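Trainee: Provided below: my_file.cif, containing mmCIF, C-alpha atoms and all ligand atoms.
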```
data_start
loop_
_atom_site.label_atom_id
_atom_site.label_comp_id
_atom_site.auth_asym_id
_atom_site.auth_seq_id
_atom_site.Cartn_x
_atom_site.Cartn_y
_atom_site.Cartn_z
CA MET A 1 118.46 97.07 105.01
CA SER A 2 114.75 97.64 105.51
CA VAL A 3 113.05 95.65 108.27
CA LEU A 4 109.64 96.65 106.86
CA PHE A 5 110.48 94.85 103.62
CA SER A 6 111.96 91.75 105.26
CA PRO A 7 109.87 88.53 105.38
CA LEU A 8 107.78 87.60 108.41
CA ASP A 9 106.77 84.11 109.49
CA ILE A 10 103.24 84.15 110.86
CA GLY A 11 102.88 80.56 112.04
CA PRO A 12 102.95 78.43 108.90
CA VAL A 13 102.62 81.42 106.57
CA ARG A 14 105.59 83.44 105.31
CA ALA A 15 104.63 87.00 104.40
CA PRO A 16 107.08 88.64 101.99
CA ASN A 17 107.19 91.82 104.07
CA ARG A 18 105.70 93.36 107.21
CA ILE A 19 103.02 95.46 105.58
CA ALA A 20 99.39 94.33 105.88
CA ILE A 21 96.34 95.98 104.41
CA SER A 22 93.90 96.45 107.27
CA PRO A 23 90.40 95.03 106.82
CA MET A 24 88.05 97.72 105.50
CA CYS A 25 84.29 97.37 105.00
CA GLN A 26 83.33 98.38 101.48
CA TYR A 27 79.52 98.24 101.94
CA SER A 28 79.34 96.93 98.38
CA ALA A 29 78.20 93.31 98.75
CA ASN A 30 74.82 91.90 97.67
CA ASP A 31 73.31 89.65 100.34
CA GLY A 32 76.85 88.99 101.54
CA CYS A 33 78.20 88.24 98.05
CA ALA A 34 81.33 90.02 96.84
CA SER A 35 80.61 92.29 93.86
CA ASP A 36 82.65 93.71 91.00
CA TRP A 37 83.68 96.43 93.42
CA HIS A 38 85.50 93.83 95.52
CA LEU A 39 86.98 92.32 92.38
CA HIS A 40 88.48 95.66 91.45
CA GLN A 41 89.57 96.57 94.98
CA ILE A 42 91.19 93.26 95.93
CA MET A 43 92.91 92.88 92.55
CA SER A 44 94.31 96.34 93.02
CA TYR A 45 95.49 95.54 96.58
CA ALA A 46 97.03 92.29 95.29
CA MET A 47 99.58 94.34 93.39
CA SER A 48 99.96 97.04 96.02
CA GLY A 49 103.20 95.76 97.52
CA ALA A 50 101.52 94.77 100.81
CA GLY A 51 102.65 91.35 102.05
CA VAL A 52 99.21 90.51 103.49
CA VAL A 53 95.88 91.68 102.07
CA THR A 54 93.09 91.32 104.65
CA LEU A 55 89.52 91.36 103.40
CA GLU A 56 86.89 93.27 105.34
CA ALA A 57 84.75 92.16 108.31
CA THR A 58 82.75 89.26 106.86
CA GLY A 59 79.57 88.06 108.57
CA VAL A 60 79.61 84.44 109.77
CA LEU A 61 75.80 84.57 109.74
CA ARG A 62 73.44 86.67 107.63
CA GLU A 63 72.23 88.47 110.75
CA GLY A 64 75.87 88.84 111.86
CA ARG A 65 76.59 91.39 109.14
CA ILE A 66 76.99 95.03 110.06
CA SER A 67 74.95 96.43 107.16
CA HIS A 68 73.06 95.21 104.08
CA GLY A 69 76.25 95.92 102.09
CA CYS A 70 78.64 93.83 104.19
CA LEU A 71 80.37 90.68 103.00
CA GLY A 72 79.25 87.32 104.36
CA LEU A 73 80.40 83.71 104.32
CA TYR A 74 77.15 82.05 105.34
CA SER A 75 75.98 80.64 102.00
CA ASP A 76 77.28 78.80 98.94
CA GLU A 77 76.57 81.91 96.87
CA ASN A 78 78.83 83.96 99.17
CA GLU A 79 81.53 81.33 98.81
CA TYR A 80 81.39 81.26 94.98
CA ALA A 81 81.45 85.06 94.77
CA LEU A 82 84.50 85.35 97.03
CA ALA A 83 86.29 82.49 95.26
CA ARG A 84 85.99 84.49 92.02
CA VAL A 85 87.56 87.51 93.70
CA LEU A 86 90.43 85.58 95.27
CA GLN A 87 91.22 83.69 92.08
CA ALA A 88 91.37 86.92 90.08
CA ALA A 89 93.46 88.66 92.74
CA ARG A 90 95.98 85.83 92.82
CA SER A 91 96.33 85.99 89.05
CA VAL A 92 97.76 89.52 89.25
CA ALA A 93 99.36 89.46 92.72
CA MET A 94 102.93 90.53 93.44
CA PRO A 95 105.14 87.53 94.32
CA ASP A 96 104.23 85.72 97.57
CA THR A 97 101.38 88.08 98.51
CA LYS A 98 99.19 86.42 101.15
CA PHE A 99 95.40 86.78 101.42
CA SER A 100 93.46 86.82 104.64
CA ILE A 101 89.82 87.35 105.58
CA GLN A 102 88.37 88.80 108.76
CA LEU A 103 85.44 86.84 110.23
CA CYS A 104 82.95 88.84 112.24
CA HIS A 105 79.57 88.85 113.94
CA ALA A 106 78.34 92.37 114.58
CA GLY A 107 76.03 91.50 117.51
CA ARG A 108 74.40 94.69 118.79
CA LYS A 109 76.26 96.76 116.16
CA GLY A 110 74.48 94.94 113.33
CA SER A 111 71.51 96.02 111.22
CA THR A 112 72.96 99.46 110.59
CA HIS A 113 73.10 101.84 107.65
CA LYS A 114 76.09 101.79 105.34
CA ASN A 115 78.74 104.17 106.56
CA TRP A 116 78.05 106.68 103.76
CA ASP A 117 74.35 106.68 104.70
CA GLY A 118 75.35 107.90 108.13
CA GLY A 119 75.72 104.62 110.06
CA GLY A 120 73.30 104.10 112.96
CA SER A 121 70.50 101.53 113.21
CA LEU A 122 68.23 100.69 110.28
CA GLN A 123 64.58 101.66 110.62
CA ALA A 124 61.90 98.94 110.44
CA HIS A 125 60.98 99.92 106.85
CA GLU A 126 64.62 99.53 105.77
CA ASN A 127 64.60 95.76 106.18
CA ALA A 128 66.11 95.93 109.65
CA TRP A 129 66.82 92.65 111.39
CA ARG A 130 66.76 91.43 114.97
CA THR A 131 70.09 91.96 116.74
CA CYS A 132 71.55 89.91 119.56
CA ALA A 133 74.26 90.38 122.17
CA PRO A 134 75.45 88.95 125.49
CA SER A 135 73.18 91.43 127.30
CA ALA A 136 70.19 93.50 126.20
CA LEU A 137 72.15 96.77 126.17
CA PRO A 138 72.34 99.05 123.12
CA TYR A 139 75.60 100.41 121.70
CA SER A 140 74.28 103.95 122.03
CA ASP A 141 71.04 105.95 122.25
CA ASN A 142 68.81 105.39 119.23
CA TRP A 143 70.53 102.09 118.39
CA HIS A 144 68.74 98.73 118.37
CA VAL A 145 68.29 97.19 121.80
CA PRO A 146 69.66 93.66 121.18
CA GLU A 147 68.12 90.49 122.56
CA GLU A 148 70.16 88.63 125.14
CA MET A 149 71.50 85.50 123.46
CA SER A 150 70.25 82.14 124.70
CA GLU A 151 72.62 79.25 125.32
CA GLU A 152 71.37 77.66 122.10
CA GLU A 153 72.00 80.85 120.08
CA ILE A 154 75.48 81.17 121.55
CA GLU A 155 76.37 77.59 120.52
CA ARG A 156 74.91 78.10 117.03
CA THR A 157 76.90 81.31 116.58
CA ILE A 158 80.15 79.67 117.70
CA ALA A 159 79.55 76.89 115.18
CA ALA A 160 79.00 79.53 112.48
CA TYR A 161 82.52 80.91 113.02
CA GLY A 162 83.84 77.41 112.29
CA GLN A 163 81.61 76.98 109.22
CA ALA A 164 82.68 80.33 107.77
CA ALA A 165 86.35 79.47 108.42
CA ALA A 166 85.87 76.16 106.59
CA ARG A 167 84.47 78.13 103.62
CA ALA A 168 87.49 80.48 103.75
CA ALA A 169 89.79 77.44 103.70
CA ARG A 170 87.94 75.94 100.72
CA ILE A 171 88.18 79.21 98.82
CA GLY A 172 91.95 79.14 99.35
CA PHE A 173 92.68 82.00 101.74
CA ASP A 174 96.10 81.79 103.39
CA MET A 175 94.90 83.18 106.70
CA VAL A 176 91.80 83.88 108.78
CA GLU A 177 91.45 86.73 111.26
CA LEU A 178 88.84 86.64 114.00
CA HIS A 179 87.36 90.08 114.70
CA ALA A 180 87.52 90.38 118.48
CA ALA A 181 87.68 94.19 118.64
CA HIS A 182 85.86 97.43 117.72
CA GLY A 183 82.73 96.62 119.72
CA TYR A 184 81.55 93.62 117.68
CA LEU A 185 80.17 90.42 119.20
CA ILE A 186 83.35 88.81 120.56
CA HIS A 187 84.38 92.14 122.08
CA GLN A 188 80.82 92.52 123.48
CA PHE A 189 81.28 89.25 125.35
CA HIS A 190 84.79 90.15 126.48
CA SER A 191 84.11 93.63 127.84
CA PRO A 192 82.45 94.11 131.24
CA ILE A 193 80.86 97.25 129.78
CA SER A 194 78.62 95.21 127.44
CA ASN A 195 78.50 91.79 129.15
CA LYS A 196 76.40 91.74 132.33
CA ARG A 197 75.49 88.03 132.19
CA LYS A 198 75.23 86.02 135.35
CA ASP A 199 75.71 82.58 133.73
CA SER A 200 78.92 80.89 132.60
CA TRP A 201 79.30 83.33 129.63
CA GLY A 202 79.70 86.41 131.82
CA GLY A 203 81.13 87.56 135.15
CA ASP A 204 84.87 87.30 135.75
CA ALA A 205 87.48 87.64 133.01
CA GLN A 206 87.65 83.89 132.36
CA LYS A 207 83.91 83.68 131.77
CA ARG A 208 83.83 86.77 129.57
CA LEU A 209 86.63 85.25 127.47
CA ARG A 210 84.79 81.97 127.03
CA PHE A 211 82.89 83.00 123.87
CA ALA A 212 86.06 84.29 122.15
CA LEU A 213 87.95 81.11 122.92
CA ALA A 214 85.11 78.84 121.83
CA ALA A 215 84.98 80.73 118.52
CA ALA A 216 88.77 80.42 118.22
CA GLU A 217 88.59 76.67 118.81
CA ALA A 218 85.85 76.33 116.20
CA VAL A 219 87.99 78.22 113.67
CA ARG A 220 91.12 76.19 114.48
CA ALA A 221 89.21 72.92 114.15
CA ALA A 222 87.79 73.96 110.77
CA THR A 223 91.06 75.08 109.15
CA PRO A 224 94.05 73.09 107.90
CA ALA A 225 97.44 73.45 109.59
CA HIS A 226 98.94 75.33 106.63
CA MET A 227 96.62 78.31 107.22
CA GLY A 228 97.66 81.12 109.54
CA LEU A 229 95.20 82.21 112.22
CA GLY A 230 94.97 85.47 114.06
CA ALA A 231 92.64 87.83 115.84
CA ARG A 232 92.17 91.57 116.02
CA ILE A 233 91.97 92.37 119.72
CA THR A 234 91.25 95.35 121.92
CA SER A 235 93.98 96.67 124.17
CA THR A 236 91.78 99.20 125.96
CA ASP A 237 88.14 100.30 126.08
CA TYR A 238 89.25 103.80 127.18
CA ILE A 239 86.50 103.60 129.79
CA GLU A 240 86.76 103.21 133.55
CA GLY A 241 85.76 99.66 134.42
CA GLY A 242 86.37 98.52 130.83
CA LEU A 243 89.07 96.38 129.28
CA THR A 244 92.72 97.33 129.73
CA VAL A 245 95.98 96.26 128.17
CA GLU A 246 96.25 93.45 130.76
CA ASP A 247 93.03 91.99 129.34
CA GLY A 248 94.54 92.25 125.86
CA VAL A 249 97.63 90.33 127.01
CA GLU A 250 95.43 87.68 128.62
CA MET A 251 93.31 87.29 125.49
CA ALA A 252 96.36 87.06 123.21
CA SER A 253 97.93 84.35 125.42
CA ALA A 254 94.70 82.38 125.41
CA PHE A 255 94.51 82.59 121.60
CA LYS A 256 98.13 81.49 121.37
CA ALA A 257 97.38 78.47 123.57
CA ARG A 258 94.66 77.53 121.08
CA GLY A 259 96.99 77.52 118.10
CA PHE A 260 96.59 81.11 116.91
CA ASP A 261 99.64 82.63 115.26
CA TYR A 262 99.24 86.40 115.66
CA VAL A 263 97.14 89.19 117.10
CA CYS A 264 96.50 92.61 115.63
CA VAL A 265 96.30 95.08 118.51
CA SER A 266 93.63 97.77 118.20
CA SER A 267 91.39 99.57 120.71
CA GLY A 268 88.13 101.37 121.39
CA ASN A 269 84.54 101.41 120.15
CA ILE A 270 82.77 99.33 122.78
CA LEU A 271 80.47 102.35 123.17
CA ALA A 272 79.78 105.12 120.67
CA GLY A 273 82.25 107.91 121.26
CA GLY A 274 84.31 105.66 123.53
CA ARG A 275 87.55 106.51 121.81
CA PRO A 276 89.53 109.69 122.40
CA ALA A 277 91.38 111.64 119.69
CA SER A 278 94.31 109.58 118.55
CA GLY A 279 97.80 110.39 117.30
CA PRO A 280 100.17 108.64 114.91
CA GLY A 281 100.67 104.95 115.76
CA PHE A 282 98.57 105.31 118.91
CA ASN A 283 98.19 101.54 119.46
CA VAL A 284 101.93 100.83 119.14
CA PRO A 285 102.85 100.94 122.89
CA ASN A 286 100.09 98.47 123.83
CA ALA A 287 100.96 96.25 120.88
CA ALA A 288 104.61 96.15 121.96
CA ARG A 289 103.50 95.21 125.44
CA VAL A 290 101.36 92.34 124.15
CA ARG A 291 104.31 91.09 122.10
CA ALA A 292 106.76 91.38 125.01
CA GLU A 293 104.44 89.50 127.38
CA THR A 294 103.20 86.77 125.04
CA GLY A 295 105.99 86.22 122.51
CA MET A 296 103.33 86.19 119.82
CA VAL A 297 103.65 87.72 116.36
CA VAL A 298 102.01 91.12 116.82
CA ARG A 299 100.57 93.48 114.25
CA THR A 300 99.14 96.88 115.02
CA THR A 301 96.93 99.46 113.35
CA GLY A 302 95.94 103.09 113.61
CA PHE A 303 97.27 106.26 112.02
CA ILE A 304 100.22 104.64 110.30
CA ALA A 305 100.62 106.20 106.88
CA ASP A 306 104.25 107.12 106.27
CA ALA A 307 106.96 104.70 105.09
CA LYS A 308 109.58 105.86 107.57
CA GLN A 309 107.06 105.73 110.43
CA ALA A 310 106.15 102.14 109.47
CA GLU A 311 109.83 101.19 109.22
CA GLU A 312 110.53 102.63 112.65
CA ILE A 313 107.61 100.75 114.24
CA VAL A 314 108.82 97.33 113.07
CA ALA A 315 112.54 98.07 113.43
CA GLU A 316 112.60 99.83 116.79
CA ARG A 317 109.28 99.84 118.58
CA GLY A 318 108.75 96.16 119.34
CA VAL A 319 105.98 95.28 116.85
CA ASP A 320 106.32 92.73 114.02
CA GLN A 321 103.91 94.03 111.40
CA VAL A 322 101.85 97.12 110.57
CA ALA A 323 98.30 97.13 109.21
CA LEU A 324 97.43 100.21 107.16
CA GLY A 325 93.89 101.11 106.22
CA ARG A 326 93.27 104.57 104.88
CA ALA A 327 96.79 104.91 103.45
CA PHE A 328 95.99 102.07 101.01
CA LEU A 329 92.49 103.40 100.30
CA ASP A 330 94.16 106.65 99.29
CA ASP A 331 97.11 105.07 97.45
CA PRO A 332 96.71 101.44 96.33
CA ARG A 333 100.40 101.50 95.28
CA TRP A 334 101.47 102.49 98.82
CA GLY A 335 103.86 99.55 99.00
CA TRP A 336 105.70 100.62 95.83
CA HIS A 337 106.09 104.15 97.04
CA ALA A 338 107.23 103.03 100.51
CA ALA A 339 109.85 100.79 98.88
CA GLU A 340 111.08 103.70 96.83
CA LYS A 341 111.38 105.92 99.93
CA LEU A 342 113.27 103.20 101.82
CA GLY A 343 115.62 102.37 98.96
CA VAL A 344 114.14 98.90 98.36
CA THR A 345 113.74 97.41 94.87
CA LEU A 346 110.44 95.57 94.35
CA GLN A 347 109.73 93.24 91.49
CA LEU A 348 106.80 95.04 89.84
CA PRO A 349 104.50 93.45 87.29
CA LYS A 350 106.19 93.88 83.89
CA GLN A 351 103.25 95.88 82.55
CA PHE A 352 104.46 98.69 84.84
CA ASN A 353 108.06 98.68 83.63
CA ARG A 354 107.75 102.08 82.02
CA VAL A 355 106.82 103.74 85.31
CA ALA A 356 109.34 101.82 87.43
CA PRO A 357 110.76 104.05 90.19
CA LYS A 358 114.01 104.71 88.32
CA VAL A 359 112.12 106.06 85.32
CA TRP A 360 109.38 107.93 87.11
CA PRO A 361 111.41 110.91 88.41
CA ALA A 362 112.53 111.59 84.83
CA ILE A 363 108.93 111.58 83.64
CA LYS A 364 107.93 113.99 86.39
CA LEU A 365 110.81 116.30 85.43
CA ALA A 366 109.76 116.22 81.79
CA ARG A 367 106.24 117.42 82.58
CA PRO A 368 105.47 121.03 81.69
CA ALA A 369 105.22 123.16 84.82
C1 LIG B 401 86.45 102.42 105.36
C2 LIG B 401 86.92 101.70 106.59
C3 LIG B 401 86.39 100.45 106.87
C4 LIG B 401 86.86 99.72 107.98
N1 LIG B 401 86.39 98.45 108.18
C5 LIG B 401 86.99 97.67 109.13
C6 LIG B 401 86.72 96.28 109.20
O1 LIG B 401 85.99 95.72 108.38
N2 LIG B 401 87.32 95.58 110.20
C7 LIG B 401 88.19 96.16 111.09
O2 LIG B 401 88.72 95.47 111.98
N3 LIG B 401 88.49 97.47 111.02
C8 LIG B 401 87.94 98.21 110.04
N4 LIG B 401 88.31 99.53 109.90
C9 LIG B 401 89.42 100.02 110.71
C10 LIG B 401 90.74 99.84 109.93
O3 LIG B 401 91.01 98.48 109.67
C11 LIG B 401 91.92 100.43 110.67
O4 LIG B 401 92.20 99.67 111.80
C12 LIG B 401 91.66 101.89 111.08
O5 LIG B 401 91.16 102.63 109.97
C13 LIG B 401 92.93 102.56 111.58
O6 LIG B 401 93.95 102.42 110.64
P1 LIG B 401 94.33 103.58 109.57
O7 LIG B 401 94.66 104.82 110.37
O8 LIG B 401 95.55 103.00 108.87
O9 LIG B 401 93.18 103.76 108.66
C14 LIG B 401 87.84 100.27 108.83
C15 LIG B 401 88.33 101.56 108.56
C16 LIG B 401 87.90 102.25 107.44
C17 LIG B 401 88.51 103.59 107.14
#
```
Could you take the file, read its structure, and then write that structure out as structure tokens?
Ligand SMILES: Cc1cc2nc3c(=O)[nH]c(=O)nc-3n(C[C@H](O)[C@H](O)[C@H](O)COP(=O)(O)O)c2cc1C
Mentor:
Amino acid sequence: MSVLFSPLDIGPVRAPNRIAISPMCQYSANDGCASDWHLHQIMSYAMSGAGVVTLEATGVLREGRISHGCLGLYSDENEYALARVLQAARSVAMPDTKFSIQLCHAGRKGSTHKNWDGGGSLQAHENAWRTCAPSALPYSDNWHVPEEMSEEEIERTIAAYGQAAARAARIGFDMVELHAAHGYLIHQFHSPISNKRKDSWGGDAQKRLRFALAAAEAVRAATPAHMGLGARITSTDYIEGGLTVEDGVEMASAFKARGFDYVCVSSGNILAGGRPASGPGFNVPNAARVRAETGMVVRTTGFIADAKQAEEIVAERGVDQVALGRAFLDDPRWGWHAAEKLGVTLQLPKQFNRVAPKVWPAIKLARPA
């Protein structure tokens, strides 16, 4: 009996198995609007065998995007474009597949080049935009120095999380994930490394959490009870004086108290280079700790790529769900192949009957050497 392929209740949402596709920026949107690339990619993930497909970091404001190619949910055009993608993906999805979207504001990590153009801040002639953050501190040398956010800008940004969540609900997503990790705006407020404010949005842990929790409340208020809510959180900044796993536990509990159903435990990236070399499943121990101390549904991410490794994490290592990124980029049928390795029979779309696992080994054998 595979635990990986057993259903998981995430608040009101039942995922058919414990495999999630991790959110992955595709840098392929046009002014925040999903393109044919997304159509292809999300349709393909819909039939991948993953129980939850999470769409990439999606800007709650135009200036909250990471790059010119990032998805957004700040306009009607964005909403129509994503609705097209979700509708098409559902039409080919494996039974009970759930769709989620990650809402993000990049803060001081915004206005950057697409990853394949080398990342790093845009130059003025590249249509760069003004960036903002809790404090006027850059992510790294040669990055934009952000403007410290005013009270009014903070309130407007919190409201934007709610407005984007309302759009996600209208489109028909099953779940929303708040991006509170990887050095983006919520993490910038949470971490003492990037938040040096002296007002009620900075200082002790409670004050540094205030922005995250206000965004969470805005999202909860904007979404119906049948949607699942979660957040990707940081369990360590890997920096002396930065966030630790205790801060991750505290944040998860506070999200839970505001009606959130799960957290995905990640780490790092509050500063460039602030993440050491990592091994297989490197966030698993912290994720298990967050689950043990909060009783929340916990997902984790990072260097999980093998079916047996994923099975072991959910069966024996105290985590409910795994989120895989690069494994699905490499193999959009990862779920099928994991099922095969774990002796699980999946109901594949009928169009694939002739390559069903039982037939496939015979085909491989019949190939000329
Ligand atoms: C191309 C690419 C884009 C990514 N974009 C996002 C993103 O939008 N949001 C996010 O939280 N993490 C993002 N990540 C991190 C992944 O979600 C994942 O947590 C990380 O790659 C570690 O998991 P893996 O070893 O299974 O790839 C991205 C990673 C890759 C490779």
Trainee: Return as a tab-separated table (two decimals) with C-alpha atoms, in the coordinates of the input every polymer residue, whether protein, DNA or RNA, with at least one atom no more than 6 Å from an atom of ligand LIG 401 (chain B); count all atoms listed in the file.
Mentor:
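To be explicit, this is the file written out as pocket00.tsv:
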```tsv
chain	number	residue	atom	x	y	z
A	22	SER	CA	93.90	96.45	107.27
A	23	PRO	CA	90.40	95.03	106.82
A	24	MET	CA	88.05	97.72	105.50
A	25	CYS	CA	84.29	97.37	105.00
A	56	GLU	CA	86.89	93.27	105.34
A	57	ALA	CA	84.75	92.16	108.31
A	301	THR	CA	96.93	99.46	113.35
A	302	GLY	CA	95.94	103.09	113.61
A	303	PHE	CA	97.27	106.26	112.02
A	304	ILE	CA	100.22	104.64	110.30
A	324	LEU	CA	97.43	100.21	107.16
A	325	GLY	CA	93.89	101.11	106.22
A	326	ARG	CA	93.27	104.57	104.88
A	327	ALA	CA	96.79	104.91	103.45
```
Trainee: Using only C-alpha atoms, which of A:Gln351, A:Ser200, A:Ser48, A:Thr223 sits nearest Gly335 (chain A)?
Mentor: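 Of A:Gln351, A:Ser200, A:Ser48, A:Thr223, the one nearest Gly335 (chain A) is A:Ser48, counting only C-alpha atoms.
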Trainee: For CA of Phe189 (chain A) and CA of Pro224 (chain A), quote the distance in Å rounded to one decimal.
Mentor: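 The value is 27.0 Å.
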Trainee: Nearest to Phe5 (chain A) among A:Ala252, A:Ala225, A:Ala50, A:Val145, with distances taken over all atoms listed in the file: which residue is it?
Mentor: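 Nearest to Phe5 (chain A): A:Ala50.
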Trainee: Just how far from CA of Asp331 (chain A) is CA of Val60 (chain A), in Å to one decimal?
Mentor: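 Distance reported for this atom pair: 29.7 Å.
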Trainee: Quick one: of A:Pro95, A:Gly107, A:Pro146, A:Gly59, who's nearest to Gln163 (chain A), counting only C-alpha atoms?
Mentor: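 When distances to Gln163 (chain A) are compared using only C-alpha atoms, the smallest one comes from A:Gly59.
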Trainee: Which residues are near Ala89 (chain A)? Cut-off 9 Å, all atoms listed in the file, ignore same chain within fewer than 2 positions. Put them as a PyMOL selection string.
Mentor: chain A and resi 39-40+42-47+84-87+91-93
Trainee: Report, in Å to a single decimal, how far apart CA of Ala29 (chain A) and CA of Leu229 (chain A) are.
Mentor: 24.4 Å
Trainee: With all atoms listed in the file as the basis for distance, which of A:Val53, A:Val249, A:Cys132, A:Leu73 is at the shortest distance from Arg90 (chain A)?
Mentor: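 Selected residue with least distance to Arg90 (chain A): A:Val53.
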